[in-house]
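For reference, the structure is listed below as structure tokens.
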Amino acid sequence: SYCDACIYVETAQGKSAVLRVVTYGDTTPNSIDVSPAAYAILNSGEYPRNMTWWFAQCPATGPVKYEFQTGSNEWWTSLWVRNARVPLTKVEVKSKNHASFVELTRGSDGTLTDGSGFGAGPFSLRLSGLDGQVRTDDLAWPSAGIAGAMLDGSGNFD
């Protein structure tokens, strides 16, 4: 559920890095996935690897992006929020099917899902950051449909 959040990792061997959490497969409680390149930065050949980590602000790399799952449609809508500068505590939608903001359900792979769907038409996504910041993006339903779409937000967290 921490997918795409940035973390600061420090190993017992003195290596450290700010990394973005990714999902490569199943993780156990209190474990995280990072890219092979990030693993290489921290790897000193020790096993088990003792380290500590905490949430961190990501570097600025452009706007928030919304990547919709290939099966998404107006009756079942699921997405990932990509490139957010702060870890997210909540994502809500206001849409054709929801007159007021409704919280999306977070999956273990970082997906955010509305089991009843957004409904075809314009929608707003409201993101709440771990640091208390809130931002809202007003988005248009793509003419080709939402399945597999990647939509850019209007900005990012400070």
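Every chain in the structure tokens has a letter given in the order shown (A, B, ...), and although residue numbers restart at 1 in each chain, ligands are simply numbered from 1 in the order shown.
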With a distance cut-off of 6 Å and only C-alpha atoms, select the neighbouring residues of range 89-99 of chain A, excluding the residue or stretch itself and same-chain residues fewer than 6 positions from it, and output the selection as a PDB file with C-alpha atoms, in the first residue's frame.
```pdb
ATOM      1  CA  PHE A 118     -16.806   6.816 -11.501  1.00  0.00           C
ATOM      2  CA  GLY A 119     -19.383   6.895 -14.298  1.00  0.00           C
ATOM      3  CA  PHE A 123     -14.438  13.732 -12.293  1.00  0.00           C
ATOM      4  CA  SER A 124     -12.337  15.190  -9.491  1.00  0.00           C
ATOM      5  CA  LEU A 125      -9.691  13.375  -7.469  1.00  0.00           C
ATOM      6  CA  ARG A 126      -8.774  14.758  -4.042  1.00  0.00           C
ATOM      7  CA  LEU A 127      -5.448  13.594  -2.592  1.00  0.00           C
ATOM      8  CA  SER A 128      -4.567  13.870   1.093  1.00  0.00           C
ATOM      9  CA  GLY A 129      -0.869  13.760   1.951  1.00  0.00           C
ATOM     10  CA  LEU A 130       0.733  12.349   5.079  1.00  0.00           C
TER      11      LEU A 130
END
```
Taking only residues of range 53-115 of chain A that have an atom at most 6 Å from an atom of range 1-19 of chain A, what is each one's shortest atom pair and its distance in Å to one decimal, using only C-alpha atoms, in chain and number order, as CSV?
```
residue,atom,partner,partner_atom,distance
A:Trp53,CA,A:Val9,CA,4.4
A:Trp54,CA,A:Ile7,CA,5.4
A:Phe55,CA,A:Ile7,CA,4.3
A:Ala56,CA,A:Ile7,CA,4.8
A:Cys58,CA,A:Cys6,CA,5.3
A:Pro87,CA,A:Ala5,CA,4.8
A:Ser108,CA,A:Ser1,CA,4.8
A:Asp109,CA,A:Ser1,CA,5.7
A:Gly110,CA,A:Ser1,CA,4.4
```
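Non-sequential neighbours of Leu151 in chain A (distance at most 9 Å, separation of 6 or more positions within a chain, only C-alpha atoms) are Val64, Lys65, Tyr66, Glu67, Phe68, Leu139, Ala140 and Pro142 of chain A.
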query = Hey, what's within 9 Å of Gly148 in chain A if we count only C-alpha atoms and toss same-chain stuff fewer than 3 positions away? As JSON, numbers by chain, please?
reply = {"A": [67, 68, 69, 70, 71, 72, 79, 145]}
key: Residue among A:Ser35, A:Asn83, A:Thr77, A:Ser143 lying closest to Gln57 in chain A, counting only C-alpha atoms   = A:Asn83
Go through range 9-153 of chain A and collect every residue that DSSP, computed from the backbone, puts in strand (DSSP E or B); the answer should be as a short mmCIF file (atom, residue, chain, number, x, y, z; two decimals) with N, CA and C atoms, in the first residue's frame.
```cif
data_model
loop_
_atom_site.label_atom_id
_atom_site.label_comp_id
_atom_site.auth_asym_id
_atom_site.auth_seq_id
_atom_site.Cartn_x
_atom_site.Cartn_y
_atom_site.Cartn_z
N VAL A 9 16.11 5.46 3.40
CA VAL A 9 16.58 4.19 3.94
C VAL A 9 18.03 4.36 4.39
N GLU A 10 18.33 3.81 5.56
CA GLU A 10 19.68 3.84 6.09
C GLU A 10 20.03 2.43 6.56
N THR A 11 21.15 1.87 6.05
CA THR A 11 21.55 0.52 6.45
C THR A 11 22.53 0.57 7.60
N SER A 16 22.89 4.94 2.52
CA SER A 16 21.58 5.56 2.63
C SER A 16 21.14 6.09 1.27
N ALA A 17 19.83 6.24 1.13
CA ALA A 17 19.27 6.76 -0.13
C ALA A 17 17.81 7.11 0.08
N VAL A 18 17.32 8.05 -0.73
CA VAL A 18 15.89 8.32 -0.84
C VAL A 18 15.42 7.48 -2.03
N LEU A 19 14.43 6.62 -1.78
CA LEU A 19 13.95 5.67 -2.79
C LEU A 19 12.45 5.77 -2.94
N ARG A 20 11.97 5.39 -4.11
CA ARG A 20 10.53 5.30 -4.34
C ARG A 20 10.14 3.82 -4.22
N VAL A 22 8.23 0.48 -4.86
CA VAL A 22 7.58 -0.13 -6.02
C VAL A 22 6.95 -1.45 -5.59
N ASP A 33 9.29 -3.18 -1.21
CA ASP A 33 9.95 -3.47 -2.49
C ASP A 33 10.55 -2.19 -3.03
N MET A 51 18.30 -2.48 8.47
CA MET A 51 18.13 -1.10 8.02
C MET A 51 16.92 -0.50 8.69
N THR A 52 16.86 0.81 8.62
CA THR A 52 15.69 1.53 9.08
C THR A 52 15.22 2.39 7.92
N TRP A 53 13.95 2.72 7.92
CA TRP A 53 13.41 3.59 6.87
C TRP A 53 12.27 4.41 7.45
N TRP A 54 12.04 5.54 6.82
CA TRP A 54 10.90 6.39 7.18
C TRP A 54 10.48 7.13 5.92
N PHE A 55 9.24 7.61 5.95
CA PHE A 55 8.72 8.34 4.79
C PHE A 55 9.50 9.63 4.57
N ALA A 56 9.65 10.00 3.32
CA ALA A 56 10.38 11.21 2.95
C ALA A 56 9.65 11.89 1.79
N LYS A 65 0.49 11.98 -11.60
CA LYS A 65 -0.06 11.26 -12.75
C LYS A 65 -1.03 10.20 -12.23
N TYR A 66 -2.06 9.96 -13.01
CA TYR A 66 -3.07 8.97 -12.66
C TYR A 66 -3.06 7.88 -13.72
N GLU A 67 -2.64 6.68 -13.31
CA GLU A 67 -2.55 5.55 -14.24
C GLU A 67 -3.69 4.58 -13.94
N PHE A 68 -4.60 4.43 -14.89
CA PHE A 68 -5.78 3.60 -14.70
C PHE A 68 -5.51 2.17 -15.15
N THR A 77 -13.78 1.33 -11.51
CA THR A 77 -12.65 2.20 -11.86
C THR A 77 -11.54 2.00 -10.83
N SER A 78 -10.32 1.75 -11.34
CA SER A 78 -9.19 1.49 -10.46
C SER A 78 -7.94 2.13 -11.05
N LEU A 79 -7.11 2.72 -10.19
CA LEU A 79 -5.96 3.46 -10.66
C LEU A 79 -4.84 3.45 -9.64
N TRP A 80 -3.69 3.90 -10.10
CA TRP A 80 -2.55 4.19 -9.23
C TRP A 80 -2.28 5.69 -9.33
N VAL A 81 -1.91 6.30 -8.23
CA VAL A 81 -1.45 7.69 -8.25
C VAL A 81 0.07 7.62 -8.32
N ARG A 82 0.64 8.18 -9.37
CA ARG A 82 2.07 8.14 -9.61
C ARG A 82 2.68 9.53 -9.40
N LEU A 88 0.61 9.31 0.38
CA LEU A 88 -0.82 9.61 0.44
C LEU A 88 -1.50 8.83 1.56
N THR A 89 -2.38 9.51 2.27
CA THR A 89 -3.16 8.85 3.31
C THR A 89 -4.56 8.52 2.82
N LYS A 90 -5.03 9.26 1.80
CA LYS A 90 -6.39 9.07 1.32
C LYS A 90 -6.52 9.65 -0.08
N VAL A 91 -7.31 8.97 -0.92
CA VAL A 91 -7.67 9.47 -2.25
C VAL A 91 -9.18 9.35 -2.37
N GLU A 92 -9.82 10.45 -2.80
CA GLU A 92 -11.28 10.49 -2.92
C GLU A 92 -11.67 10.92 -4.32
N VAL A 93 -12.88 10.50 -4.74
CA VAL A 93 -13.40 10.88 -6.05
C VAL A 93 -14.76 11.55 -5.90
N LYS A 94 -14.98 12.51 -6.76
CA LYS A 94 -16.29 13.14 -6.93
C LYS A 94 -16.56 13.03 -8.43
N SER A 95 -17.71 12.45 -8.79
CA SER A 95 -17.92 12.13 -10.21
C SER A 95 -19.41 12.04 -10.53
N HIS A 98 -20.95 9.98 -8.00
CA HIS A 98 -20.76 10.41 -6.61
C HIS A 98 -20.88 11.93 -6.52
N ALA A 99 -22.00 12.41 -5.97
CA ALA A 99 -22.25 13.86 -5.88
C ALA A 99 -21.29 14.55 -4.91
N SER A 100 -20.81 13.82 -3.92
CA SER A 100 -19.82 14.36 -3.00
C SER A 100 -18.63 13.40 -2.97
N PHE A 101 -17.51 13.85 -2.39
CA PHE A 101 -16.30 13.03 -2.40
C PHE A 101 -16.50 11.72 -1.63
N VAL A 102 -16.03 10.63 -2.25
CA VAL A 102 -16.09 9.28 -1.69
C VAL A 102 -14.67 8.72 -1.69
N GLU A 103 -14.25 8.12 -0.56
CA GLU A 103 -12.90 7.58 -0.47
C GLU A 103 -12.76 6.30 -1.30
N THR A 105 -10.92 2.69 -2.21
CA THR A 105 -10.36 1.58 -1.44
C THR A 105 -8.94 1.30 -1.92
N ARG A 106 -8.00 1.23 -0.99
CA ARG A 106 -6.59 0.99 -1.34
C ARG A 106 -6.30 -0.51 -1.29
N LEU A 112 -6.05 2.08 -6.19
CA LEU A 112 -7.14 2.80 -5.53
C LEU A 112 -8.38 2.52 -6.37
N THR A 113 -9.40 1.93 -5.75
CA THR A 113 -10.51 1.38 -6.52
C THR A 113 -11.85 1.90 -6.04
N ASP A 114 -12.71 2.18 -7.02
CA ASP A 114 -14.12 2.49 -6.79
C ASP A 114 -14.91 1.33 -7.40
N PHE A 123 -14.55 14.16 -13.68
CA PHE A 123 -14.44 13.73 -12.29
C PHE A 123 -13.32 14.52 -11.62
N SER A 124 -13.37 14.54 -10.29
CA SER A 124 -12.34 15.19 -9.49
C SER A 124 -11.72 14.16 -8.56
N LEU A 125 -10.40 14.22 -8.42
CA LEU A 125 -9.69 13.38 -7.47
C LEU A 125 -9.05 14.28 -6.43
N ARG A 126 -9.33 13.99 -5.15
CA ARG A 126 -8.77 14.76 -4.04
C ARG A 126 -7.78 13.86 -3.31
N LEU A 127 -6.54 14.34 -3.22
CA LEU A 127 -5.45 13.59 -2.59
C LEU A 127 -5.11 14.23 -1.26
N SER A 128 -4.99 13.40 -0.23
CA SER A 128 -4.57 13.87 1.09
C SER A 128 -3.20 13.29 1.38
N GLY A 129 -2.24 14.18 1.68
CA GLY A 129 -0.87 13.76 1.95
C GLY A 129 -0.63 13.51 3.43
N VAL A 134 -3.48 18.89 1.02
CA VAL A 134 -4.58 18.34 0.23
C VAL A 134 -4.55 19.04 -1.12
N ARG A 135 -4.70 18.27 -2.19
CA ARG A 135 -4.79 18.86 -3.53
C ARG A 135 -5.86 18.14 -4.31
N THR A 136 -6.50 18.86 -5.21
CA THR A 136 -7.58 18.31 -6.03
C THR A 136 -7.29 18.55 -7.49
N ASP A 137 -7.51 17.52 -8.30
CA ASP A 137 -7.40 17.63 -9.75
C ASP A 137 -8.76 17.37 -10.37
N ASP A 138 -9.18 18.26 -11.27
CA ASP A 138 -10.40 18.10 -12.04
C ASP A 138 -9.99 17.54 -13.40
N LEU A 139 -10.55 16.38 -13.75
CA LEU A 139 -10.10 15.66 -14.94
C LEU A 139 -11.26 15.33 -15.86
N MET A 150 -3.41 7.19 -18.91
CA MET A 150 -2.49 7.89 -18.01
C MET A 150 -2.84 9.37 -18.12
N LEU A 151 -3.36 9.95 -17.05
CA LEU A 151 -3.78 11.35 -17.05
C LEU A 151 -2.85 12.15 -16.17
N ASP A 152 -2.48 13.35 -16.62
CA ASP A 152 -1.64 14.25 -15.83
C ASP A 152 -2.49 15.14 -14.96
#
```
request  = Determine which residues of chain A DSSP labels as helix (DSSP H, G or I) from the backbone of this structure, then write them out as a PyMOL selection string.
outcome  = chain A and resi 36-42
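Between CA of Gly62 in chain A and CA of Val86 in chain A there is a distance of 13.0 Å.
Atom pair CA of Ala37 in chain A / CA of Asn50 in chain A has a distance of 18.6 Å (rounded to one decimal).
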query = When you draw a straight line from CA of Trp75 in chain A to CA of Asn156 in chain A, how long is it in Å?
reply = 27.9 Å
query = Pick the closest to Trp76 in chain A from A:Ala40, A:Gln133, A:Leu104, A:Gly45: which is it, counting only C-alpha atoms?
reply = A:Leu104
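Closest approach to Ala38 in chain A from the set A:Ser116, A:Thr111, A:Ala147, A:Val21 is made by A:Val21, with distances taken over only C-alpha atoms.
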